[in-house]
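Asker: For reference, this is my_file.txt, and it has compact mmCIF, C-alpha atoms.
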```
# COMPACT_ATOMS: atom_id res chain seq x y z
CA MET W 11 200.36 3.50 191.51
CA ALA W 12 196.76 2.53 191.86
CA ARG W 13 195.76 5.29 194.21
CA ALA W 14 193.66 8.18 193.01
CA ALA W 15 195.68 11.26 192.20
CA THR W 16 193.49 13.41 194.40
CA THR W 17 194.73 11.84 197.59
CA THR W 18 198.40 11.24 196.89
CA ASP W 19 199.77 14.62 197.83
CA ALA W 20 199.28 16.86 200.81
CA PHE W 21 198.20 19.72 198.59
CA ASN W 22 195.06 17.89 197.55
CA ALA W 23 194.56 16.30 200.91
CA VAL W 24 194.11 19.71 202.50
CA ALA W 25 191.87 21.04 199.74
CA GLU W 26 189.04 19.43 201.70
CA PRO W 27 187.86 21.81 204.46
CA ARG W 28 187.08 19.03 206.91
CA ARG W 29 190.60 17.68 206.62
CA ARG W 30 192.04 21.12 207.24
CA GLN W 31 189.86 21.23 210.33
CA ILE W 32 191.38 17.95 211.49
CA LEU W 33 194.88 19.30 210.91
CA ASP W 34 193.94 22.36 212.91
CA LEU W 35 192.78 20.27 215.82
CA LEU W 36 195.91 18.15 215.68
CA ALA W 37 198.06 21.26 215.55
CA GLY W 38 197.04 21.67 219.18
CA GLY W 39 198.49 18.26 220.05
CA GLU W 40 197.95 14.55 219.75
CA ARG W 41 194.31 13.44 219.95
CA PRO W 42 192.40 10.18 220.02
CA VAL W 43 189.94 9.51 217.19
CA ASN W 44 186.95 9.78 219.52
CA ASP W 45 188.02 13.23 220.48
CA LEU W 46 188.21 14.31 216.84
CA VAL W 47 184.79 12.81 216.13
CA GLU W 48 183.32 14.72 219.03
CA ARG W 49 184.92 18.04 218.15
CA LEU W 50 184.07 17.84 214.46
CA GLY W 51 180.52 16.65 215.02
CA VAL W 52 180.87 14.23 212.13
CA ALA W 53 180.26 10.48 212.07
CA GLN W 54 183.25 8.32 212.93
CA PRO W 55 183.52 6.53 209.54
CA GLN W 56 183.85 9.90 207.83
CA VAL W 57 186.49 11.08 210.23
CA SER W 58 188.36 7.81 209.76
CA LYS W 59 188.20 8.25 206.02
CA HIS W 60 189.71 11.72 206.25
CA LEU W 61 192.37 10.50 208.65
CA ARG W 62 193.29 7.74 206.22
CA VAL W 63 193.82 10.29 203.45
CA LEU W 64 195.92 12.44 205.74
CA ARG W 65 197.96 9.41 206.78
CA GLU W 66 198.58 8.39 203.20
CA VAL W 67 200.16 11.72 202.42
CA GLY W 68 202.10 11.67 205.66
CA LEU W 69 200.39 14.66 207.26
CA VAL W 70 199.37 12.69 210.32
CA ALA W 71 200.91 9.78 212.14
CA VAL W 72 199.12 7.31 214.36
CA ARG W 73 200.06 5.19 217.35
CA ASP W 74 198.10 2.87 219.57
CA GLU W 75 197.97 3.42 223.25
CA GLY W 76 195.94 0.83 225.05
CA ARG W 77 192.60 0.80 223.28
CA GLN W 78 193.02 4.24 221.84
CA ARG W 79 194.36 5.27 218.46
CA LEU W 80 196.17 8.55 218.84
CA TYR W 81 196.72 10.83 215.88
CA ARG W 82 199.29 13.58 215.63
CA LEU W 83 200.35 16.12 213.03
CA THR W 84 203.62 15.50 211.20
CA GLY W 85 205.35 18.56 209.88
CA ARG W 86 207.37 17.55 206.87
CA PRO W 87 204.72 17.41 204.14
CA LEU W 88 203.48 20.83 205.17
CA LYS W 89 205.55 22.39 202.41
CA PRO W 90 202.76 21.83 199.85
CA ILE W 91 200.35 23.59 202.19
CA HIS W 92 202.73 26.47 202.27
CA ASP W 93 202.60 26.38 198.48
CA TRP W 94 198.81 26.64 198.67
CA VAL W 95 199.27 30.08 200.13
CA LYS W 96 202.07 30.74 197.65
CA ALA W 97 199.66 30.46 194.73
CA PHE W 98 197.51 33.16 196.28
CA GLU W 99 200.65 35.16 196.88
CA GLN W 100 201.51 34.77 193.21
CA SER W 101 198.23 36.36 192.14
CA TRP W 102 199.06 39.36 194.32
CA ASN W 103 202.56 39.48 192.93
CA GLU W 104 201.13 39.84 189.45
CA ARG W 105 198.84 42.61 190.58
CA PHE W 106 201.64 44.40 192.40
CA ALA W 107 203.96 44.11 189.41
CA ALA W 108 201.35 46.04 187.44
CA LEU W 109 201.09 48.55 190.29
CA ASP W 110 204.89 49.01 190.18
CA GLN W 111 204.53 50.20 186.60
CA VAL W 112 201.77 52.64 187.49
CA LEU W 113 203.95 54.01 190.29
CA GLU W 114 206.91 54.45 187.97
CA LYS W 115 204.70 56.56 185.72
CA LEU W 116 203.42 58.62 188.64
CA LYS W 117 206.96 59.20 189.86
CA ALA W 118 208.07 60.34 186.44
CA GLU W 119 205.19 62.83 186.32
CA GLU W 120 206.13 64.28 189.66
CA PRO W 121 209.16 66.63 189.66
CA ASP W 122 210.18 65.79 193.19
CA ASP W 123 208.77 63.15 195.43
CA ASP W 124 209.57 64.21 198.94
CA GLY W 125 206.46 62.48 200.14
CA ASP W 126 204.73 65.59 201.48
CA GLY W 127 201.40 64.44 200.11
CA LYS W 128 200.73 66.98 197.38
CA MET R 26 218.56 52.23 185.81
CA ALA R 27 215.23 52.78 187.48
CA MET R 28 214.23 50.22 190.04
CA ALA R 29 210.76 49.26 188.97
CA SER R 30 210.31 46.12 190.95
CA SER R 31 210.50 46.32 194.70
CA GLY R 32 210.26 42.82 195.96
CA THR R 33 207.67 40.17 196.31
CA ALA R 34 204.46 39.97 198.23
CA VAL R 35 204.49 37.99 201.44
CA VAL R 36 201.24 36.34 202.38
CA THR R 37 200.66 34.83 205.79
CA LEU R 38 197.61 33.49 207.60
CA PRO R 39 197.97 34.97 211.11
CA THR R 40 194.76 33.38 212.40
CA ASP R 41 192.07 31.06 211.07
CA THR R 42 190.06 33.95 209.72
CA GLN R 43 192.76 36.32 208.47
CA ILE R 44 194.99 36.86 205.48
CA LEU R 45 197.91 39.27 205.74
CA ILE R 46 199.59 40.57 202.59
CA ARG R 47 202.74 42.69 202.72
CA ARG R 48 204.66 44.27 199.89
CA GLU R 49 207.16 47.11 199.60
CA PHE R 50 207.03 49.61 196.74
CA ALA R 51 209.76 51.87 195.39
CA ALA R 52 207.59 54.96 195.61
CA PRO R 53 206.49 57.41 198.30
CA ARG R 54 203.25 56.54 199.96
CA HIS R 55 201.16 59.43 198.62
CA LEU R 56 201.70 57.97 195.15
CA VAL R 57 200.87 54.46 196.29
CA TYR R 58 197.73 55.81 197.93
CA LYS R 59 196.88 57.70 194.78
CA ALA R 60 197.30 54.59 192.62
CA TRP R 61 195.17 52.69 195.13
CA THR R 62 192.25 55.13 195.19
CA THR R 63 192.06 56.73 191.73
CA PRO R 64 189.71 54.91 189.33
CA GLU R 65 191.78 55.53 186.17
CA LEU R 66 194.87 54.21 187.92
CA ILE R 67 193.12 51.25 189.54
CA LYS R 68 192.10 50.21 186.05
CA GLN R 69 195.76 50.02 185.10
CA TRP R 70 196.89 47.56 187.76
CA TRP R 71 194.12 45.86 189.67
CA SER R 72 193.39 43.12 187.12
CA ALA R 73 197.09 42.33 186.85
CA ARG R 74 196.57 41.72 183.15
CA ARG R 75 194.38 38.75 183.88
CA GLY R 76 191.69 40.77 182.26
CA GLU R 77 190.39 44.24 182.00
CA VAL R 78 188.97 46.36 184.78
CA THR R 79 185.75 47.63 183.22
CA VAL R 80 184.38 49.33 186.32
CA ALA R 81 186.30 51.08 189.06
CA GLU R 82 183.95 53.13 191.18
CA VAL R 83 185.43 54.87 194.18
CA ASP R 84 183.41 57.09 196.48
CA LEU R 85 186.30 57.93 198.75
CA ARG R 86 184.62 58.97 201.98
CA VAL R 87 183.58 57.12 205.11
CA GLY R 88 180.34 55.35 204.24
CA GLY R 89 181.10 55.70 200.54
CA ARG R 90 181.07 52.61 198.35
CA TRP R 91 183.57 51.11 195.96
CA ARG R 92 183.02 48.57 193.23
CA TYR R 93 185.46 46.95 190.80
CA VAL R 94 184.48 44.73 187.91
CA MET R 95 186.99 42.75 185.92
CA VAL R 96 186.34 40.89 182.70
CA ALA R 97 188.90 38.13 182.58
CA HIS R 98 190.47 37.04 179.32
CA GLY R 99 188.40 33.85 179.46
CA GLY R 100 185.34 36.09 179.16
CA PHE R 101 183.93 35.62 182.65
CA GLU R 102 183.28 38.59 184.85
CA VAL R 103 184.22 39.00 188.48
CA ALA R 104 182.99 41.84 190.63
CA PHE R 105 183.85 43.08 194.10
CA HIS R 106 182.37 45.84 196.15
CA GLY R 107 182.47 47.29 199.61
CA GLU R 108 182.14 50.33 201.77
CA TYR R 109 184.79 52.59 203.25
CA ARG R 110 184.78 52.55 207.02
CA GLU R 111 187.87 54.56 207.81
CA LEU R 112 190.07 56.77 205.65
CA ILE R 113 193.28 58.48 206.65
CA PRO R 114 194.71 59.88 203.41
CA ASN R 115 198.10 58.35 202.48
CA GLU R 116 198.07 56.24 205.65
CA ARG R 117 195.20 53.91 206.14
CA ILE R 118 192.04 52.58 204.51
CA VAL R 119 189.56 50.32 206.22
CA SER R 120 186.83 48.96 203.98
CA THR R 121 184.54 46.03 203.61
CA GLU R 122 185.03 43.68 200.67
CA VAL R 123 182.53 41.34 199.09
CA PHE R 124 183.19 39.06 196.16
CA GLU R 125 179.85 39.20 194.38
CA GLY R 126 180.08 35.54 193.46
CA MET R 127 180.06 34.73 197.18
CA PRO R 128 177.97 37.50 198.72
CA ASP R 129 177.82 36.02 202.23
CA ALA R 130 181.56 36.22 202.69
CA GLU R 131 182.05 39.84 203.61
CA ALA R 132 185.56 40.63 204.74
CA VAL R 133 187.00 43.74 206.34
CA ASP R 134 190.23 44.92 204.75
CA THR R 135 192.65 47.18 206.58
CA MET R 136 195.29 48.69 204.32
CA THR R 137 198.18 50.60 205.81
CA PHE R 138 200.80 52.59 203.92
CA THR R 139 204.06 53.18 205.77
CA GLU R 140 206.83 55.20 204.18
CA LEU R 141 210.53 54.90 204.89
CA ASN R 142 213.21 56.61 202.80
CA GLY R 143 210.88 57.17 199.89
CA ARG R 144 209.74 53.55 199.86
CA THR R 145 206.35 52.36 200.99
CA MET R 146 205.36 49.23 202.84
CA VAL R 147 201.78 48.28 202.15
CA THR R 148 200.06 45.82 204.44
CA ILE R 149 196.61 44.46 203.76
CA LEU R 150 194.91 42.62 206.57
CA VAL R 151 191.85 40.74 205.35
CA GLN R 152 189.55 39.76 208.18
CA HIS R 153 186.94 37.18 207.31
CA THR R 154 184.09 36.08 209.54
CA SER R 155 184.82 32.38 209.20
CA ARG R 156 187.64 30.07 208.28
CA GLU R 157 185.56 28.68 205.44
CA HIS R 158 185.31 32.10 203.82
CA ARG R 159 188.98 32.81 204.43
CA ASP R 160 189.96 29.52 202.81
CA ALA R 161 187.69 30.14 199.84
CA HIS R 162 189.42 33.48 199.42
CA VAL R 163 192.87 31.87 199.44
CA ASN R 164 191.58 29.18 197.09
CA SER R 165 190.58 31.83 194.59
CA GLY R 166 194.28 32.52 194.17
CA MET R 167 195.04 28.84 193.84
CA GLU R 168 192.55 28.39 191.05
CA GLY R 169 194.06 31.33 189.26
CA GLY R 170 197.31 29.55 189.85
CA LEU R 171 200.09 28.76 187.55
CA GLN R 172 198.28 29.05 184.24
CA ASP R 173 197.43 32.67 184.90
CA ALA R 174 201.01 33.35 185.86
CA LEU R 175 202.22 31.88 182.59
CA ASP R 176 199.62 33.79 180.63
CA LEU R 177 200.71 36.98 182.30
CA LEU R 178 204.34 36.31 181.59
CA GLU R 179 203.56 35.79 177.96
CA GLN R 180 201.59 39.01 177.71
CA VAL R 181 204.26 41.01 179.45
CA ALA R 182 206.81 39.61 177.05
CA ILE R 183 204.63 40.55 174.08
CA SER R 184 204.03 44.06 175.40
CA LEU R 185 207.78 44.61 175.54
CA LEU R 186 208.26 43.87 171.86
```
Would you write out, as structure tokens, the structure that this file holds?
Answerer:
Amino acid sequence: MARAATTTDAFNAVAEPRRRQILDLLAGGERPVNDLVERLGVAQPQVSKHLRVLREVGLVAVRDEGRQRLYRLTGRPLKPIHDWVKAFEQSWNERFAALDQVLEKLKAEEPDDDGDGK
Amino acid sequence: MAMASSGTAVVTLPTDTQILIRREFAAPRHLVYKAWTTPELIKQWWSARRGEVTVAEVDLRVGGRWRYVMVAHGGFEVAFHGEYRELIPNERIVSTEVFEGMPDAEAVDTMTFTELNGRTMVTILVQHTSREHRDAHVNSGMEGGLQDALDLLEQVAISLL
């Protein structure tokens, strides 16, 4: 594989904020390139570059209709994006696991825990 | 056998600018609230063993400020602070939150504690002002990522010896 590692999976493809913005726009439905360029306020070559990355990882699909190239979101590789959130979730899980231990101690110190507040 | 663990956190992104974290705890909510708002207790869990909480200041009144500082095992320091906007003891905390490394990204956190049968559901809604800030916040977890999880696992294992 000659391609750079940074663009070969969806996880890295969406690490770029502009590309997430494109995915957001496409989540609302299929759009022509011109429309994306307009909404993003970025030069067309840049948008095309981002779209190419997204296409390579299978996050968007393209079809031609007349003179227009229409891009749409494709769902399957979204799993890695889900995992992006999962990593954040993991950091909270670690924190909460520590909180569980603190709570066990507090419960043990309290003779009865009927939840009345004091 | 005591049930220490109570499930896993669920994180969702309800809108472009929000993060929602939910987790149930096997303890009544006044204890969860206590652990959440008492400096000596915050120091025991907030760093999740990624480091040490060196500062946990809590001025628990509306308009009062909070500040946590953690020194991570790698030696770097991260600090967060904010101001309490709403406090309903054992039920609800609304506060601002600023990561001092990114001072422009002030979020508003709403924490709710709901008790059912001696167990407590905690929800944390983090409201950012922009998607960029929200994403940076989520990314902070990603960077922590797997290595931190493995480090933690190792430390927990050692502490059990």
Asker: Determine, counting only C-alpha atoms, which protein, DNA and RNA residues have an atom within 12 Å of an atom of range 150-152 of chain R; residues of the same chain fewer than 4 positions away are not included. Present the result as a PyMOL selection string.
Answerer: chain R and resi 35-48+117-123+130-138+156+158-160+162-163
Asker: Between CA of Glu77 in chain R and CA of Met95 in chain R, what distance in Å does the model show, to one decimal?
Answerer: 5.4 Å
Asker: How many Å lie between CA of Val94 in chain R and CA of Glu125 in chain R, rounded to one decimal?
Answerer: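 Spanning CA of Val94 in chain R to CA of Glu125 in chain R is a straight-line distance of 9.7 Å.
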Asker: Near range 53-63 of chain R, within 9 Å and counting only C-alpha atoms, which residues show up once chain neighbours fewer than 4 positions away are dropped, as number ranges by chain?
Answerer: W: 109, 112-113, 116-117, 123-128; R: 67-71, 81-83, 85, 114-117, 138-147
Asker: Record the distance separating CA of Ala107 in chain W and CA of Thr79 in chain R, expressed in Å with one decimal.
Answerer: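 Taking CA of Ala107 in chain W as the start and CA of Thr79 in chain R as the end point, the length is 19.6 Å.
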Asker: From the list R:Ala97, R:Ile149, R:Leu66, R:Leu112, which residue is nearest chain W when using only C-alpha atoms?
Answerer: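 Between R:Ala97, R:Ile149, R:Leu66, R:Leu112, the residue approaching chain W most closely is R:Leu66.
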Asker: Could you give me, as a list of chain:residue names, the residues within 10 Å of Gly99 in chain R, counting only C-alpha atoms and dropping anything in the same chain fewer than 3 positions from it?
Answerer: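 Non-adjacent residues within range: R:Arg75, R:Gly76, R:Val96, R:Glu102.
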Asker: May I ask which of the residues R:Ala73, R:Asp84, R:Asn164, R:Glu65 is the closest one to Arg110 in chain R, counting only C-alpha atoms?
Answerer: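 Closest candidate: R:Asp84.
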Asker: From the options W:Glu120, W:Ile32, W:Glu99, W:Lys115, which residue's atoms come nearest to chain R, counting only C-alpha atoms?
Answerer: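 Among the listed residues, the smallest separation from chain R belongs to W:Glu99.
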Asker: Here is a test: counting only C-alpha atoms, which residue of W:Val95, W:Leu35, W:Leu46, W:Ala118 is nearest to chain R?
Answerer: W:Val95
Asker: Choose the residue, out of R:Ala104, R:Ala51, R:Val78, R:Ile113, that has the smallest atom-to-atom separation from Pro128 in chain R; count all atoms listed in the file.
Answerer: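 Checking each of R:Ala104, R:Ala51, R:Val78, R:Ile113 against Pro128 in chain R, counting all atoms listed in the file, the winner is R:Ala104.
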Asker: Ranking W:Thr84, W:Arg79, W:Pro27, W:Val52 by minimum distance to chain R and counting only C-alpha atoms, which one comes first?
Answerer: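 Nearest to chain R: W:Pro27.
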Asker: At a cut-off of 9 Å, using only C-alpha atoms, what residues contact Val70 in chain W? Leave out same-chain residues fewer than 3 positions from it and give the result as a PDB file with C-alpha atoms, in the coordinates of the input.
Answerer:
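File written: selection14.pdb
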```pdb
ATOM      1  CA  LEU W  33     194.880  19.300 210.910  1.00  0.00           C
ATOM      2  CA  LEU W  36     195.910  18.150 215.680  1.00  0.00           C
ATOM      3  CA  LEU W  61     192.370  10.500 208.650  1.00  0.00           C
ATOM      4  CA  ARG W  62     193.290   7.740 206.220  1.00  0.00           C
ATOM      5  CA  LEU W  64     195.920  12.440 205.740  1.00  0.00           C
ATOM      6  CA  ARG W  65     197.960   9.410 206.780  1.00  0.00           C
ATOM      7  CA  GLU W  66     198.580   8.390 203.200  1.00  0.00           C
ATOM      8  CA  VAL W  67     200.160  11.720 202.420  1.00  0.00           C
ATOM      9  CA  TYR W  81     196.720  10.830 215.880  1.00  0.00           C
ATOM     10  CA  ARG W  82     199.290  13.580 215.630  1.00  0.00           C
ATOM     11  CA  LEU W  83     200.350  16.120 213.030  1.00  0.00           C
ATOM     12  CA  THR W  84     203.620  15.500 211.200  1.00  0.00           C
ATOM     13  CA  GLY W  85     205.350  18.560 209.880  1.00  0.00           C
TER      14      GLY W  85
END
```
